[in-house]
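Source file: coords01.txt (compact mmCIF, C-alpha atoms and all ligand atoms)
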# COMPACT_ATOMS: atom_id res chain seq x y z
CA MET Q 267 49.92 65.46 66.55
CA LYS Q 268 48.80 68.97 65.55
CA LYS Q 269 50.97 70.35 68.34
CA LYS Q 270 53.97 68.43 67.02
CA ILE Q 271 53.51 69.85 63.52
CA LEU Q 272 53.08 73.34 64.94
CA ASN Q 273 56.30 72.94 66.96
CA LYS Q 274 58.15 71.78 63.86
CA VAL Q 275 56.86 74.74 61.83
CA LEU Q 276 57.88 77.10 64.62
CA ALA Q 277 61.35 75.54 64.84
CA VAL Q 278 61.84 75.86 61.07
CA MET Q 279 60.67 79.47 61.20
CA MET Q 280 63.09 80.26 64.03
CA LEU Q 281 65.91 78.60 62.14
CA LEU Q 282 65.07 80.64 59.04
CA MET Q 283 64.96 83.83 61.12
CA LEU Q 284 68.35 83.00 62.63
CA VAL Q 285 69.88 82.35 59.23
CA PHE Q 286 68.30 85.55 57.91
CA THR Q 287 69.53 87.76 60.77
CA SER Q 288 73.03 86.36 60.69
CA CYS Q 289 73.14 86.88 56.90
CA SER Q 290 71.89 90.43 57.18
CA ASN Q 291 74.40 91.07 59.98
CA ASN Q 292 77.17 89.90 57.72
CA SER Q 293 76.15 92.00 54.79
CA ASN Q 294 75.60 94.88 57.19
CA SER Q 295 79.12 94.58 58.53
CA LYS Q 296 80.54 94.62 55.01
CA ALA Q 297 78.56 97.66 53.90
CA VAL Q 298 78.57 99.79 57.02
CA GLY Q 299 81.39 98.64 59.23
CA LYS Q 300 84.04 95.99 59.09
CA ASP Q 301 84.39 95.85 62.88
CA LYS Q 302 88.01 96.75 62.40
CA LEU Q 303 89.78 99.53 64.21
CA ILE Q 304 92.72 101.28 62.56
CA GLY Q 305 95.14 103.32 64.67
CA VAL Q 306 96.63 106.27 62.80
CA ALA Q 307 99.54 108.03 64.57
CA MET Q 308 100.52 111.34 62.97
CA PRO Q 309 103.46 113.53 64.08
CA THR Q 310 102.06 117.05 64.41
CA GLN Q 311 99.34 119.50 63.55
CA SER Q 312 101.84 122.35 63.39
CA SER Q 313 102.15 122.00 59.66
CA GLU Q 314 99.32 121.87 57.20
CA ARG Q 315 100.48 118.77 55.37
CA TRP Q 316 100.05 116.45 58.36
CA ILE Q 317 96.58 117.81 59.12
CA LYS Q 318 95.66 116.97 55.54
CA ASP Q 319 97.33 113.54 55.78
CA GLY Q 320 95.42 112.70 58.96
CA SER Q 321 92.05 113.80 57.65
CA ASN Q 322 92.59 112.09 54.29
CA MET Q 323 93.42 108.80 55.99
CA LYS Q 324 90.46 109.05 58.38
CA GLU Q 325 88.02 109.92 55.64
CA LYS Q 326 89.18 107.24 53.21
CA LEU Q 327 89.27 104.50 55.85
CA GLU Q 328 85.86 105.45 57.20
CA GLU Q 329 84.43 105.39 53.69
CA LEU Q 330 85.46 101.74 53.55
CA GLY Q 331 83.72 101.04 56.84
CA TYR Q 332 86.73 101.00 59.17
CA GLU Q 333 86.70 102.68 62.54
CA VAL Q 334 89.62 105.09 62.91
CA PHE Q 335 91.54 106.16 66.00
CA LEU Q 336 93.58 109.17 64.81
CA GLN Q 337 96.12 110.80 67.12
CA TYR Q 338 98.59 113.66 66.69
CA ALA Q 339 101.73 113.87 68.86
CA GLU Q 340 102.60 117.54 68.38
CA ASP Q 341 106.21 116.57 67.68
CA ASP Q 342 106.62 115.10 71.17
CA VAL Q 343 108.41 111.76 71.05
CA GLN Q 344 107.07 110.50 74.39
CA VAL Q 345 103.52 111.58 73.57
CA GLN Q 346 103.64 109.62 70.34
CA LEU Q 347 105.04 106.57 72.11
CA ALA Q 348 102.19 106.72 74.65
CA GLN Q 349 99.63 107.11 71.85
CA ILE Q 350 100.96 104.06 70.04
CA GLU Q 351 101.00 102.04 73.28
CA THR Q 352 97.36 102.99 73.79
CA MET Q 353 96.52 101.90 70.25
CA ILE Q 354 98.17 98.53 70.90
CA ALA Q 355 96.31 98.20 74.23
CA LYS Q 356 93.08 98.95 72.37
CA LYS Q 357 93.96 96.03 70.10
CA VAL Q 358 93.75 97.98 66.88
CA ASP Q 359 93.65 95.75 63.80
CA CYS Q 360 96.31 97.75 62.01
CA LEU Q 361 98.68 100.54 62.99
CA VAL Q 362 99.62 103.35 60.58
CA VAL Q 363 102.53 105.43 61.84
CA ALA Q 364 104.14 108.65 60.64
CA SER Q 365 106.78 108.95 63.33
CA VAL Q 366 108.25 111.88 65.21
CA ASP Q 367 111.42 109.93 66.06
CA SER Q 368 111.14 106.28 65.16
CA SER Q 369 114.07 105.23 67.37
CA ALA Q 370 111.76 105.72 70.38
CA LEU Q 371 109.16 103.36 68.93
CA ILE Q 372 111.24 100.21 68.42
CA ASN Q 373 110.00 98.35 71.54
CA ALA Q 374 106.38 99.38 71.05
CA LEU Q 375 106.48 98.19 67.44
CA GLN Q 376 107.97 94.90 68.60
CA THR Q 377 104.99 94.52 70.95
CA ALA Q 378 102.64 95.25 68.06
CA LYS Q 379 104.33 92.53 66.06
CA GLU Q 380 104.06 90.03 68.92
CA GLU Q 381 100.37 90.86 69.27
CA GLY Q 382 99.84 90.25 65.56
CA ILE Q 383 99.10 93.90 64.74
CA PRO Q 384 100.36 94.78 61.26
CA VAL Q 385 102.24 98.09 61.06
CA ILE Q 386 102.38 100.40 58.05
CA SER Q 387 105.01 103.09 57.91
CA TYR Q 388 103.46 106.31 56.61
CA ASP Q 389 105.67 108.78 54.72
CA ARG Q 390 108.56 108.55 57.23
CA LEU Q 391 110.35 105.21 57.37
CA LEU Q 392 110.27 103.45 60.75
CA MET Q 393 113.91 102.57 61.32
CA ASN Q 394 115.55 99.52 62.91
CA THR Q 395 112.50 97.36 63.28
CA ASP Q 396 111.29 94.29 61.44
CA ALA Q 397 107.69 94.89 62.55
CA ILE Q 398 106.65 96.73 59.37
CA SER Q 399 104.52 95.22 56.64
CA TYR Q 400 104.66 98.07 54.13
CA TYR Q 401 105.83 101.64 53.56
CA ALA Q 402 103.89 104.33 51.68
CA SER Q 403 105.86 107.46 50.84
CA PHE Q 404 107.37 109.58 48.09
CA ASP Q 405 110.69 109.21 46.36
CA ASN Q 406 112.45 111.13 49.12
CA GLU Q 407 115.85 111.37 47.49
CA GLY Q 408 113.91 112.47 44.41
CA VAL Q 409 112.46 115.35 46.46
CA GLY Q 410 116.02 116.56 47.18
CA ARG Q 411 117.08 116.01 43.59
CA LYS Q 412 114.15 118.10 42.37
CA ILE Q 413 115.07 120.90 44.78
CA GLY Q 414 118.70 120.78 43.58
CA GLU Q 415 117.68 120.69 39.92
CA TYR Q 416 115.29 123.59 40.40
CA ILE Q 417 118.09 125.71 41.88
CA GLU Q 418 120.51 124.57 39.17
CA GLU Q 419 118.11 125.68 36.45
CA LYS Q 420 116.77 128.86 38.04
CA ALA Q 421 120.23 130.14 38.98
CA HIS Q 422 121.70 129.01 35.62
CA LEU Q 423 124.48 127.20 37.47
CA ALA Q 424 125.48 125.02 34.53
CA ASP Q 425 126.16 128.15 32.44
CA GLY Q 426 129.05 129.21 34.69
CA GLY Q 427 128.84 132.96 35.23
CA GLU Q 428 129.30 134.93 38.43
CA PRO Q 429 129.52 132.87 41.65
CA GLN Q 430 126.32 132.91 43.70
CA THR Q 431 125.88 132.63 47.44
CA ILE Q 432 123.82 129.89 49.02
CA GLU Q 433 122.79 128.72 52.49
CA PHE Q 434 121.21 125.38 53.40
CA PHE Q 435 118.24 124.63 55.67
CA MET Q 436 117.87 120.88 55.93
CA GLY Q 437 115.34 118.65 57.73
CA SER Q 438 115.23 116.87 61.06
CA PRO Q 439 118.10 114.47 61.84
CA ASP Q 440 115.69 111.90 63.32
CA ASP Q 441 113.72 111.75 60.05
CA ASN Q 442 115.11 109.39 57.40
CA ASN Q 443 113.42 111.53 54.74
CA ALA Q 444 115.62 114.48 55.69
CA VAL Q 445 118.80 112.45 55.21
CA LEU Q 446 117.65 111.25 51.78
CA LEU Q 447 116.55 114.72 50.77
CA TYR Q 448 120.00 116.11 51.62
CA LYS Q 449 121.59 113.34 49.56
CA GLY Q 450 119.38 114.26 46.60
CA VAL Q 451 120.16 117.99 46.91
CA MET Q 452 123.89 117.46 47.13
CA GLY Q 453 123.85 114.96 44.27
CA VAL Q 454 123.04 117.98 42.12
CA LEU Q 455 124.65 120.95 43.91
CA GLN Q 456 127.89 119.55 45.38
CA LYS Q 457 129.78 119.97 42.10
CA TYR Q 458 128.89 123.67 42.01
CA LEU Q 459 130.17 124.12 45.57
CA ASP Q 460 133.34 122.29 44.57
CA ASN Q 461 133.98 124.38 41.46
CA GLY Q 462 133.16 127.70 43.13
CA THR Q 463 129.98 128.46 41.18
CA LEU Q 464 128.19 128.32 44.52
CA ILE Q 465 129.64 129.93 47.62
CA CYS Q 466 128.34 129.10 51.07
CA LYS Q 467 129.69 131.90 53.22
CA SER Q 468 128.73 130.31 56.54
CA GLY Q 469 130.71 127.25 55.50
CA ARG Q 470 127.85 125.08 56.67
CA THR Q 471 127.19 122.54 53.98
CA SER Q 472 127.16 119.15 55.73
CA PHE Q 473 123.91 117.54 56.87
CA GLU Q 474 125.00 117.73 60.51
CA GLU Q 475 125.65 121.46 60.22
CA THR Q 476 122.45 122.34 58.38
CA CYS Q 477 119.80 119.96 59.77
CA ILE Q 478 117.03 121.45 61.91
CA LEU Q 479 115.56 119.31 64.68
CA ARG Q 480 111.82 118.55 64.31
CA TRP Q 481 111.67 120.73 61.20
CA SER Q 482 111.33 123.86 63.36
CA GLN Q 483 110.31 127.05 61.54
CA GLU Q 484 111.63 129.16 64.42
CA VAL Q 485 115.10 127.61 64.20
CA ALA Q 486 115.13 128.18 60.43
CA LEU Q 487 114.30 131.83 61.10
CA GLN Q 488 117.08 132.14 63.70
CA ASN Q 489 119.60 130.36 61.49
CA CYS Q 490 118.76 132.68 58.62
CA GLU Q 491 119.07 135.75 60.86
CA ASN Q 492 122.46 134.51 62.05
CA TYR Q 493 123.68 133.86 58.52
CA LEU Q 494 122.52 137.27 57.33
CA SER Q 495 124.10 139.20 60.19
CA GLY Q 496 127.23 137.05 60.43
CA PHE Q 497 128.13 136.52 56.77
CA TYR Q 498 126.02 138.72 54.52
CA ALA Q 499 126.36 142.18 56.00
CA ASN Q 500 128.17 143.32 52.84
CA ASP Q 501 127.04 140.65 50.43
CA LYS Q 502 123.72 139.50 49.10
CA LEU Q 503 122.40 136.04 49.87
CA ASP Q 504 121.30 134.67 46.49
CA ILE Q 505 119.89 131.24 47.27
CA CYS Q 506 118.20 129.65 50.29
CA CYS Q 507 118.11 125.92 49.74
CA SER Q 508 115.26 125.04 52.10
CA ALA Q 509 113.88 121.55 52.59
CA PHE Q 510 110.45 122.54 53.89
CA ASP Q 511 107.79 125.21 53.35
CA GLY Q 512 107.84 125.93 57.09
CA PHE Q 513 111.53 126.84 56.82
CA ALA Q 514 110.73 129.09 53.87
CA TYR Q 515 108.28 131.06 56.06
CA GLY Q 516 110.99 131.56 58.70
CA ILE Q 517 113.54 132.53 56.05
CA LYS Q 518 111.06 135.01 54.53
CA ALA Q 519 110.58 136.68 57.93
CA ALA Q 520 114.34 136.92 58.50
CA LEU Q 521 114.92 138.39 55.03
CA GLU Q 522 112.17 140.97 55.45
CA ALA Q 523 113.60 141.99 58.82
CA ALA Q 524 117.03 142.35 57.21
CA GLY Q 525 115.59 144.69 54.56
CA TYR Q 526 115.46 142.35 51.54
CA THR Q 527 112.87 143.42 48.98
CA LYS Q 528 111.36 142.02 45.79
CA GLU Q 529 114.28 143.54 43.90
CA ASN Q 530 116.96 141.49 45.66
CA TRP Q 531 114.88 138.60 46.97
CA PRO Q 532 116.80 135.28 46.91
CA ILE Q 533 115.68 132.01 45.36
CA ILE Q 534 113.89 130.14 48.16
CA THR Q 535 112.81 126.52 47.84
CA GLY Q 536 110.49 124.44 50.02
CA GLN Q 537 108.61 121.20 50.30
CA ASP Q 538 104.92 120.26 50.61
CA ALA Q 539 103.19 122.93 48.50
CA GLU Q 540 101.25 124.14 51.54
CA VAL Q 541 98.53 126.69 50.76
CA MET Q 542 100.61 129.44 52.38
CA ALA Q 543 103.66 128.47 50.34
CA VAL Q 544 101.71 128.55 47.07
CA LYS Q 545 100.38 131.98 48.05
CA ASN Q 546 103.92 133.17 48.81
CA ILE Q 547 105.05 131.79 45.45
CA ILE Q 548 102.34 133.79 43.68
CA ASP Q 549 103.41 136.88 45.70
CA GLY Q 550 107.08 136.32 44.78
CA LYS Q 551 108.18 135.65 48.38
CA GLN Q 552 109.03 131.99 47.84
CA THR Q 553 110.36 130.69 44.53
CA ALA Q 554 109.41 127.04 44.46
CA THR Q 555 108.22 124.09 46.47
CA ILE Q 556 107.76 120.36 45.98
CA PHE Q 557 104.19 119.24 45.47
CA LYS Q 558 103.50 115.90 47.14
CA ASN Q 559 99.96 114.76 46.53
CA THR Q 560 98.94 113.53 49.97
CA GLU Q 561 95.58 112.29 48.69
CA LEU Q 562 97.40 109.87 46.44
CA LEU Q 563 99.64 108.87 49.34
CA ALA Q 564 96.61 108.19 51.54
CA ASP Q 565 95.02 106.10 48.76
CA LYS Q 566 98.11 103.92 48.54
CA CYS Q 567 98.34 103.59 52.31
CA VAL Q 568 94.66 102.69 52.63
CA GLY Q 569 95.26 100.01 49.99
CA MET Q 570 97.99 98.61 52.25
CA VAL Q 571 95.67 98.64 55.28
CA GLU Q 572 93.05 96.70 53.31
CA ALA Q 573 95.68 94.28 52.11
CA VAL Q 574 97.05 93.41 55.56
CA ILE Q 575 93.54 93.05 56.97
CA GLU Q 576 92.05 91.09 54.11
CA GLY Q 577 95.16 89.11 53.25
CA LYS Q 578 95.53 90.63 49.79
CA GLU Q 579 98.57 91.99 47.94
CA PRO Q 580 98.79 95.80 47.96
CA GLU Q 581 100.21 97.90 45.14
CA ILE Q 582 104.00 98.12 45.55
CA ASN Q 583 106.50 99.78 43.22
CA ASP Q 584 109.77 99.49 45.14
CA THR Q 585 111.32 96.52 46.91
CA GLU Q 586 114.92 97.71 47.07
CA THR Q 587 115.39 101.26 48.23
CA TYR Q 588 114.07 101.41 51.76
CA ASP Q 589 116.35 99.40 54.00
CA ASN Q 590 115.61 100.44 57.57
CA GLY Q 591 118.58 98.63 59.10
CA LYS Q 592 116.54 95.50 59.88
CA MET Q 593 114.66 94.83 56.67
CA VAL Q 594 114.07 96.14 53.18
CA VAL Q 595 110.53 97.41 53.40
CA PRO Q 596 108.21 96.83 50.41
CA SER Q 597 107.13 100.32 49.42
CA TYR Q 598 104.91 102.38 47.22
CA LEU Q 599 106.64 105.63 46.34
CA CYS Q 600 104.60 108.48 44.87
CA GLU Q 601 106.23 110.99 42.57
CA PRO Q 602 107.15 114.45 43.90
CA LEU Q 603 106.77 117.38 41.50
CA SER Q 604 108.44 120.80 41.42
CA LEU Q 605 105.93 123.63 41.68
CA ASP Q 606 106.52 127.29 40.96
CA VAL Q 607 104.62 130.30 39.67
CA ASP Q 608 104.54 128.86 36.13
CA ASN Q 609 102.83 125.57 36.91
CA TYR Q 610 101.01 125.98 40.23
CA LYS Q 611 97.65 126.49 38.47
CA GLU Q 612 97.93 123.24 36.59
CA LEU Q 613 99.24 121.24 39.57
CA VAL Q 614 97.07 122.38 42.43
CA ILE Q 615 94.16 124.44 41.08
CA ASP Q 616 93.10 122.75 37.83
CA SER Q 617 93.57 119.37 39.49
CA GLY Q 618 91.14 120.46 42.25
CA TYR Q 619 93.74 119.84 44.99
CA TYR Q 620 93.15 123.39 46.28
CA LYS Q 621 90.45 125.90 45.51
CA GLU Q 622 91.38 129.36 44.29
CA GLU Q 623 89.75 130.85 47.41
CA ASP Q 624 91.98 128.66 49.67
CA LEU Q 625 94.90 130.65 48.30
CA LEU Q 626 93.15 133.99 48.77
CA ASN Q 627 92.25 133.14 52.37
CA ALA Q 628 95.66 131.74 53.36
CA LYS Q 629 97.35 133.52 56.24
C1 LIG J 1 107.99 114.91 55.10
C2 LIG J 1 107.89 116.27 54.46
C3 LIG J 1 107.60 117.33 55.52
C4 LIG J 1 108.52 117.18 56.70
C5 LIG J 1 108.17 118.16 57.80
C6 LIG J 1 108.96 114.94 56.23
O1 LIG J 1 109.06 113.69 56.79
O2 LIG J 1 108.37 113.96 54.13
O3 LIG J 1 106.89 116.26 53.49
O4 LIG J 1 107.81 118.59 54.96
O5 LIG J 1 108.49 115.88 57.19
O6 LIG J 1 106.91 117.94 58.31
Target format structure tokens, applied to this file:
Amino acid sequence: MKKKILNKVLAVMMLLMLVFTSCSNNSNSKAVGKDKLIGVAMPTQSSERWIKDGSNMKEKLEELGYEVFLQYAEDDVQVQLAQIETMIAKKVDCLVVASVDSSALINALQTAKEEGIPVISYDRLLMNTDAISYYASFDNEGVGRKIGEYIEEKAHLADGGEPQTIEFFMGSPDDNNAVLLYKGVMGVLQKYLDNGTLICKSGRTSFEETCILRWSQEVALQNCENYLSGFYANDKLDICCSAFDGFAYGIKAALEAAGYTKENWPIITGQDAEVMAVKNIIDGKQTATIFKNTELLADKCVGMVEAVIEGKEPEINDTETYDNGKMVVPSYLCEPLSLDVDNYKELVIDSGYYKEEDLLNAK
């Protein structure tokens, strides 16, 4: 009889222990790890913005207890495809992709869909696939519009006056953002080309003629050298409408080699507000850039990851603009801001986005 009671007490104790450990395991998994693996595929480490994007995403996801598998493809289409295939084989719980060339990823994304892996398109829209749950980006046409408006204002184009020369350095043809950016730029500047206020001596004004594959700084440098030697031997180049800070660095090198100085330095635009670009803006070697707060972008994207994993609704502010050829992708678009020497302090220093010493140490 005593033995029976003892056995019962032991059984109850074991049951209690089991309940207790499984409860503590549960709470443990919520607080420390969600047992969920997130694959993050980024395009390249050759430009500062993507390094920041990758580390922001990793940090923010890890803070929430996710495990992160972050990969960079160094602008190699096949490398990125292989990385994404590996992520799918690893059975990630969600895939976040900033593509090099999304046309190469269509089949892999289809596989992800079939395997029930939600896909989030990060900054660059994944085209011609219906495998995407959400898209986190900026208003990409707005980026182009801001570049155009900056040039319009800085060069006083609306006031008429002497015609000014301009050359265009547009983004990669396999990046939907580049196409939209061009549209935004031309929405503002085309009328000045048409009425002769702006003169493009190379004659290259279409997207096809001015786009630069994989956003290559070297090609921007070569193009600028060719424009300067071919069309500006006797004339000054007044405006370089550049779609990327990396291009602005190449343009700066070409201008310096051609003997341009602070006295006749053209207006040069950019995109991303990289540390180096902000430094060049302070030094007068770049005129403006577009500040895109990648921390905000990562926050919105992480919200989307949580939503697809936990079955919640993420924050969305656009359900019309981003048609990728197969679906209109629900998006959150952050606002791009023009940055120049007059407002850089407020935008990137006072806000704590960069530290003053980051700018001093940039090289
Ligand atoms: C991004 C830009 C970036 C460019 C080159 C684009 O897709 O939207 O912010 O400058 O890629 O990396």
Quick one: which chain Q residues come within 10 Å of ligand LIG 1 (chain J), and what is the nearest atom pair for each with the distance in Å to one decimal, counting all atoms listed in the file, rows ordered by chain and ascending number, as a tab-separated table?
residue	atom	partner	partner_atom	distance
Q:Pro309	CA	J:LIG1	O6	8.0
Q:Thr310	CA	J:LIG1	O6	7.8
Q:Gln311	CA	J:LIG1	O6	9.3
Q:Ser312	CA	J:LIG1	O6	8.4
Q:Ser313	CA	J:LIG1	O6	6.4
Q:Glu314	CA	J:LIG1	O6	8.6
Q:Arg315	CA	J:LIG1	O6	7.1
Q:Trp316	CA	J:LIG1	O6	7.0
Q:Asp341	CA	J:LIG1	O6	9.5
Q:Ala364	CA	J:LIG1	O1	8.0
Q:Ser365	CA	J:LIG1	O1	8.4
Q:Val366	CA	J:LIG1	O1	8.7
Q:Tyr388	CA	J:LIG1	O1	9.3
Q:Asp389	CA	J:LIG1	O2	5.9
Q:Arg390	CA	J:LIG1	O1	5.2
Q:Leu391	CA	J:LIG1	O1	8.6
Q:Ser403	CA	J:LIG1	O2	7.7
Q:Phe404	CA	J:LIG1	O2	7.5
Q:Asp405	CA	J:LIG1	O2	9.4
Q:Asn406	CA	J:LIG1	O2	7.1
Q:Val409	CA	J:LIG1	O2	8.8
Q:Gly437	CA	J:LIG1	C4	7.1
Q:Ser438	CA	J:LIG1	O5	7.8
Q:Asp440	CA	J:LIG1	O1	9.5
Q:Asp441	CA	J:LIG1	O1	6.0
Q:Asn442	CA	J:LIG1	O1	7.4
Q:Asn443	CA	J:LIG1	O1	5.3
Q:Ala444	CA	J:LIG1	C6	6.7
Q:Val445	CA	J:LIG1	O1	9.9
Q:Leu446	CA	J:LIG1	O2	9.9
Q:Leu447	CA	J:LIG1	O2	8.9
Q:Arg480	CA	J:LIG1	C5	7.5
Q:Trp481	CA	J:LIG1	C5	5.5
Q:Ser482	CA	J:LIG1	C5	8.6
Q:Gln483	CA	J:LIG1	C5	9.9
Q:Ala509	CA	J:LIG1	O4	7.2
Q:Phe510	CA	J:LIG1	O4	4.9
Q:Asp511	CA	J:LIG1	O4	6.8
Q:Gly512	CA	J:LIG1	O4	7.6
Q:Phe513	CA	J:LIG1	O4	9.2
Q:Gly536	CA	J:LIG1	O4	8.1
Q:Gln537	CA	J:LIG1	O4	5.4
Q:Asp538	CA	J:LIG1	O3	5.3
Q:Ala539	CA	J:LIG1	O4	9.1
Q:Glu540	CA	J:LIG1	O4	9.2
Q:Ile556	CA	J:LIG1	O3	8.6
Q:Phe557	CA	J:LIG1	O3	9.0
Q:Lys558	CA	J:LIG1	O3	7.2
Q:Asn559	CA	J:LIG1	O3	9.9
Q:Thr560	CA	J:LIG1	O3	9.1
Q:Pro602	CA	J:LIG1	O3	9.8
Practice prompt. Quick one: everything within 9 Å of Lys302 in chain Q, counting only C-alpha atoms, minus sequence neighbours fewer than 4 positions away in the same chain. Send it as a PyMOL selection string.
Written response: chain Q and resi 331-334+358-360+575
Worksheet item: Using all atoms listed in the file, which of Q:Leu464, Q:Leu330, Q:Ala554, Q:Ala519 sits nearest Ile304 in chain Q?
Response: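 Answer, going by the shortest atom-to-atom distance: Q:Leu330.
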Practice prompt. Write out as JSON, numbers by chain the residues lying within 12 Å of Glu325 in chain Q, counting all atoms listed in the file and excluding same-chain residues fewer than 3 positions away.
Written response: {"Q": [306, 318, 319, 320, 321, 322, 328, 329, 330, 331, 332, 333, 334, 335, 336, 561, 564, 565, 568]}
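Picture a line from CA of Gln552 in chain Q to CA of Gly427 in chain Q; it runs 23.5 Å.
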Practice prompt. May I have the protein, DNA and RNA residues with an atom at most 10 Å from (119.0, 102.2, 58.1), counting all atoms listed in the file in the file's coordinates, returned as a ChimeraX atom specification?
Written response: /Q:391-395,442,588-594
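Of the listed residues Q:Lys621, Q:Lys326, Q:Lys566, Q:Lys379, the one whose atoms come nearest to Ala397 in chain Q is Q:Lys379, with distances taken using only C-alpha atoms.
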Worksheet entry | Atomic distance CA of Arg470 in chain Q - CA of Glu433 in chain Q, expressed in Å with one decimal |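 Taking CA of Arg470 in chain Q and CA of Glu433 in chain Q, their separation equals 7.5 Å.
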Worksheet entry | All residues 10 Å or closer to Ala520 in chain Q, all atoms listed in the file, same chain fewer than 6 positions away omitted, as a count of residues only | 11
Worksheet item: Closest to Gln456 in chain Q among Q:Val485, Q:Met323, Q:Cys600, Q:Gly414, using only C-alpha atoms?
Response: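 Residue with the minimum atom-to-atom distance to Gln456 in chain Q: Q:Gly414.
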